[in-house]
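Asker: Supplied in structure tokens, the structure appears directly below.
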Amino acid sequence: MIDVVGVMFNDCLKIQYYKVNNIDLNIDDYVVVSSDRGLLLGKVATKVISVLPEKLSFEPREVVRIASKDDIKSNDNNIKEEKKAMEYIERFAKELELDMKVLNASFTLDRSQLLFQFVADDRVDFRLLAKKLAGIYKTRIELRQIGVRDKAKMFGGYGQCGKKLCCSTFLNELNSVSINMAKNQNLALNPQKINGVCGRLMCCLTYENDLYDEYKKGMPKIGDKVTVDNQTGEVIDIDLPLGKYTVQFDEGKVVEVSK
């Protein structure tokens with residue numbers, strides 16, 4: 001078993017889990033954690049949880065230490081400076097006539113890296129833009145183009161179900177979703193019904209897709225000719241979860257059949 005704790009960050013609504021690393025932690029403690037970018041400051045959002053390593057779909061990084069007053073002060077200063085960085089990059093992007101929408105700026109705790117995330121319809125050559133920014137901040141500049149699904153994950157929101165978006169709360173990866181999944185579940189192919197707030201197919205279409213594959217085993221398709229009580233009719237409706245289908249005969253008689 002390993003002990004992990006949920007941590008939230010200023011720029012992310014999602015709780016991310018980190019190894020406790022033998023540190024006594026409580027909810028609302030500020031902590032410094034390791035990331036692929038460097039050190040980040042976050043806030044403990046859950047109690048310590050003991051889990052089996054094989055139950056985790058990812059290798060969690062570690063809580064490095066409980067944040068000191070200096071760590072918190074540095075983070076506060078970084079947040080203020082990030083707002084100025086947004087002003088700089090928007091001005092420079094306009095001067096360079098770059099067709100891009102910058103979403104946020106984010107320093108690592110020690111300011112060893114400054115990350116900008118943006119969306120754009122096409123590929124953007126931002127080399128000169130990065131050079132201008134590096135000249136101001138004297139640190140490693142990274143500009144990362146993300147998609148509309150990543151944007152929704154970053155800012156959050158509410159889905160048609162009335163709950164917070166899956167991508168901004170618990171999904172670690174945004175897996176591919178295809179229109180065939182909607183067809184497989186006999187859903188109406190109405191974009192307003194099957195698209196999320198990002199404008200792409202809803203992530204939840206993947207949740208029950210494998211189950212519907214099981215439901216379909218031994219079931220006819222709509223339009224198939226089937227024989228019931230020595231009479232041949234046409235399948236006009238299917239209820240996959242209940243394992244039932246409706247058959248209409250030539251004389252207009254309709255019967256419901258269980259698989």
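By convention in this document, the chains of the structure tokens carry letters A, B, ... by their order, each chain's residues are numbered from 1, and ligands are numbered from 1 in the order they are shown.
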Would you please give, as a ChimeraX atom specification, all residues of segment 11-189 of chain A that DSSP assigns to alpha helix (DSSP H) based on the backbone?
Answerer: /A:69-95,127-137,148-155,166-169,179-184
Asker: Just to be explicit: take each residue in the selection above, keep C-alpha atoms, and write the result as an mmCIF file, in the first residue's frame.
Answerer:
```cif
data_model
loop_
_atom_site.group_PDB
_atom_site.id
_atom_site.type_symbol
_atom_site.label_atom_id
_atom_site.label_comp_id
_atom_site.auth_asym_id
_atom_site.auth_seq_id
_atom_site.Cartn_x
_atom_site.Cartn_y
_atom_site.Cartn_z
ATOM 1 C CA LYS A 69 5.744 31.198 4.448
ATOM 2 C CA ASP A 70 8.380 32.057 1.833
ATOM 3 C CA ASP A 71 6.917 29.453 -0.546
ATOM 4 C CA ILE A 72 3.433 30.932 -0.188
ATOM 5 C CA LYS A 73 4.756 34.468 -0.637
ATOM 6 C CA SER A 74 6.668 33.447 -3.759
ATOM 7 C CA ASN A 75 3.551 31.811 -5.184
ATOM 8 C CA ASP A 76 1.471 34.929 -4.511
ATOM 9 C CA ASN A 77 4.074 37.059 -6.270
ATOM 10 C CA ASN A 78 4.111 34.638 -9.202
ATOM 11 C CA ILE A 79 0.333 34.922 -9.590
ATOM 12 C CA LYS A 80 0.614 38.712 -9.771
ATOM 13 C CA GLU A 81 3.441 38.444 -12.300
ATOM 14 C CA GLU A 82 1.456 35.974 -14.403
ATOM 15 C CA LYS A 83 -1.165 38.663 -14.985
ATOM 16 C CA LYS A 84 1.544 40.985 -16.311
ATOM 17 C CA ALA A 85 2.903 38.146 -18.457
ATOM 18 C CA MET A 86 -0.534 37.766 -20.037
ATOM 19 C CA GLU A 87 -0.498 41.454 -20.955
ATOM 20 C CA TYR A 88 2.948 41.093 -22.533
ATOM 21 C CA ILE A 89 2.147 38.023 -24.601
ATOM 22 C CA GLU A 90 -1.164 39.421 -25.861
ATOM 23 C CA ARG A 91 0.572 42.630 -26.930
ATOM 24 C CA PHE A 92 3.463 40.804 -28.610
ATOM 25 C CA ALA A 93 1.126 38.335 -30.350
ATOM 26 C CA LYS A 94 -0.838 41.248 -31.765
ATOM 27 C CA GLU A 95 2.348 42.999 -32.928
ATOM 28 C CA ARG A 127 9.657 31.311 -31.983
ATOM 29 C CA LEU A 128 10.019 35.098 -32.151
ATOM 30 C CA LEU A 129 7.281 35.505 -29.563
ATOM 31 C CA ALA A 130 9.104 33.158 -27.166
ATOM 32 C CA LYS A 131 12.338 35.093 -27.732
ATOM 33 C CA LYS A 132 10.657 38.384 -26.815
ATOM 34 C CA LEU A 133 9.222 36.892 -23.632
ATOM 35 C CA ALA A 134 12.518 35.279 -22.633
ATOM 36 C CA GLY A 135 14.170 38.671 -22.982
ATOM 37 C CA ILE A 136 11.852 40.014 -20.283
ATOM 38 C CA TYR A 137 11.677 37.123 -17.828
ATOM 39 C CA VAL A 148 -10.754 22.807 -27.192
ATOM 40 C CA ARG A 149 -11.172 19.714 -25.013
ATOM 41 C CA ASP A 150 -8.097 20.696 -23.016
ATOM 42 C CA LYS A 151 -9.515 24.199 -22.711
ATOM 43 C CA ALA A 152 -12.722 22.821 -21.197
ATOM 44 C CA LYS A 153 -10.642 20.675 -18.859
ATOM 45 C CA MET A 154 -8.730 23.751 -17.731
ATOM 46 C CA PHE A 155 -11.654 26.084 -17.089
ATOM 47 C CA CYS A 166 -15.646 14.893 -16.120
ATOM 48 C CA CYS A 167 -12.504 16.256 -17.758
ATOM 49 C CA SER A 168 -12.030 18.922 -15.068
ATOM 50 C CA THR A 169 -12.792 16.684 -12.092
ATOM 51 C CA ILE A 179 -19.467 8.988 -33.504
ATOM 52 C CA ASN A 180 -19.716 5.190 -33.764
ATOM 53 C CA MET A 181 -20.008 5.095 -29.966
ATOM 54 C CA ALA A 182 -23.160 7.206 -30.135
ATOM 55 C CA LYS A 183 -24.535 4.985 -32.902
ATOM 56 C CA ASN A 184 -23.634 1.881 -30.921
#
```
Asker: Determine, counting only C-alpha atoms, which protein, DNA and RNA residues have an atom within 9 Å of an atom of Leu165 of chain A; residues of the same chain fewer than 5 positions away are not included. Present the result as a ChimeraX atom specification.
Answerer: /A:152-153,156-159,170,196-197
Asker: Store the residues of this selection in a file with C-alpha atoms, as a PDB file, in the first residue's frame.
Answerer:
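Output file out10.pdb is given in full below:
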```pdb
ATOM      1  CA  ALA A 152     -12.722  22.821 -21.197  1.00  0.00           C
ATOM      2  CA  LYS A 153     -10.642  20.675 -18.859  1.00  0.00           C
ATOM      3  CA  GLY A 156     -14.323  23.561 -16.090  1.00  0.00           C
ATOM      4  CA  GLY A 157     -18.074  23.958 -16.320  1.00  0.00           C
ATOM      5  CA  TYR A 158     -21.224  21.852 -16.159  1.00  0.00           C
ATOM      6  CA  GLY A 159     -22.427  19.181 -18.550  1.00  0.00           C
ATOM      7  CA  PHE A 170     -11.539  13.110 -12.417  1.00  0.00           C
ATOM      8  CA  GLY A 196     -20.108  18.650 -24.690  1.00  0.00           C
ATOM      9  CA  VAL A 197     -19.444  22.292 -23.843  1.00  0.00           C
TER      10      VAL A 197
END
```
Asker: What's around segment 204-219 of chain A at 9 Å? Count only C-alpha atoms, leave out sequence neighbours fewer than 5 positions away in its own chain, and write the answer as an MDAnalysis selection string.
Answerer: chainID A and resid 166 175:178 181:182 184:185 194 238 240:245 259
Asker: Generate a file of the selected residues that holds C-alpha atoms, formatted as a PDB file, in the first residue's frame.
Answerer:
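Saved file part.pdb follows:
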```
ATOM      1  CA  CYS A 166     -15.646  14.893 -16.120  1.00  0.00           C
ATOM      2  CA  ASN A 175      -9.395   9.449 -24.648  1.00  0.00           C
ATOM      3  CA  SER A 176     -10.667   9.522 -28.211  1.00  0.00           C
ATOM      4  CA  VAL A 177     -14.437   9.485 -28.698  1.00  0.00           C
ATOM      5  CA  SER A 178     -16.045   8.480 -31.994  1.00  0.00           C
ATOM      6  CA  MET A 181     -20.008   5.095 -29.966  1.00  0.00           C
ATOM      7  CA  ALA A 182     -23.160   7.206 -30.135  1.00  0.00           C
ATOM      8  CA  ASN A 184     -23.634   1.881 -30.921  1.00  0.00           C
ATOM      9  CA  GLN A 185     -25.782   3.138 -28.020  1.00  0.00           C
ATOM     10  CA  ILE A 194     -24.114  14.319 -27.850  1.00  0.00           C
ATOM     11  CA  ILE A 238     -34.734  -2.186 -29.768  1.00  0.00           C
ATOM     12  CA  LEU A 240     -30.596  -2.904 -25.562  1.00  0.00           C
ATOM     13  CA  PRO A 241     -30.248  -2.502 -21.758  1.00  0.00           C
ATOM     14  CA  LEU A 242     -33.473  -4.486 -21.180  1.00  0.00           C
ATOM     15  CA  GLY A 243     -32.596  -7.036 -23.861  1.00  0.00           C
ATOM     16  CA  LYS A 244     -35.928  -6.534 -25.666  1.00  0.00           C
ATOM     17  CA  TYR A 245     -36.971  -5.713 -29.194  1.00  0.00           C
ATOM     18  CA  LYS A 259     -33.700 -11.949 -25.953  1.00  0.00           C
TER      19      LYS A 259
END
```
Asker: Skipping near chain neighbours, those fewer than 3 positions away, what residues fall within 8 Å of segment 34-40 of chain A using only C-alpha atoms, listed as a list of chain:residue names?
Answerer: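 Result of the neighbour search: A:Arg61, A:Glu62, A:Val63, A:Val64, A:Thr108, A:Leu109, A:Asp110, A:Ser112, A:Gln113.
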Asker: With N, CA and C atoms retained, write the just-selected residues as a CSV table (one decimal), in the first residue's frame.
Answerer:
```csv
chain,number,residue,atom,x,y,z
A,61,ARG,N,3.6,11.4,-8.5
A,61,ARG,CA,4.8,12.1,-8.0
A,61,ARG,C,4.6,12.4,-6.5
A,62,GLU,N,5.6,13.0,-5.9
A,62,GLU,CA,5.7,13.1,-4.5
A,62,GLU,C,5.4,14.6,-4.0
A,63,VAL,N,4.9,14.6,-2.8
A,63,VAL,CA,4.8,15.9,-2.0
A,63,VAL,C,6.3,16.1,-1.5
A,64,VAL,N,6.9,17.2,-1.8
A,64,VAL,CA,8.3,17.4,-1.4
A,64,VAL,C,8.3,17.9,0.0
A,108,THR,N,6.5,28.1,-12.5
A,108,THR,CA,6.8,27.2,-11.5
A,108,THR,C,7.1,27.9,-10.3
A,109,LEU,N,7.2,27.3,-9.1
A,109,LEU,CA,7.4,28.0,-7.9
A,109,LEU,C,8.7,28.8,-7.8
A,110,ASP,N,9.7,28.1,-8.4
A,110,ASP,CA,11.1,28.8,-8.4
A,110,ASP,C,11.3,29.6,-9.6
A,112,SER,N,11.6,28.8,-12.6
A,112,SER,CA,12.5,28.2,-13.6
A,112,SER,C,11.9,28.0,-14.9
A,113,GLN,N,10.5,28.1,-15.0
A,113,GLN,CA,9.8,28.0,-16.2
A,113,GLN,C,8.6,28.8,-16.2
```
Asker: Env of Val7 of chain A: 9 Å cut, atoms = only C-alpha atoms, seq-sep filter 3 positions within chain, self excluded. Answer as a list in words.
Answerer: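 Within the cut-off, the hits are Lys14, Ile15, Gln16, Tyr17, Tyr18, Tyr30, Val31, Val33, Gly42, Lys43, Val44, Ala45 and Thr46 of chain A.
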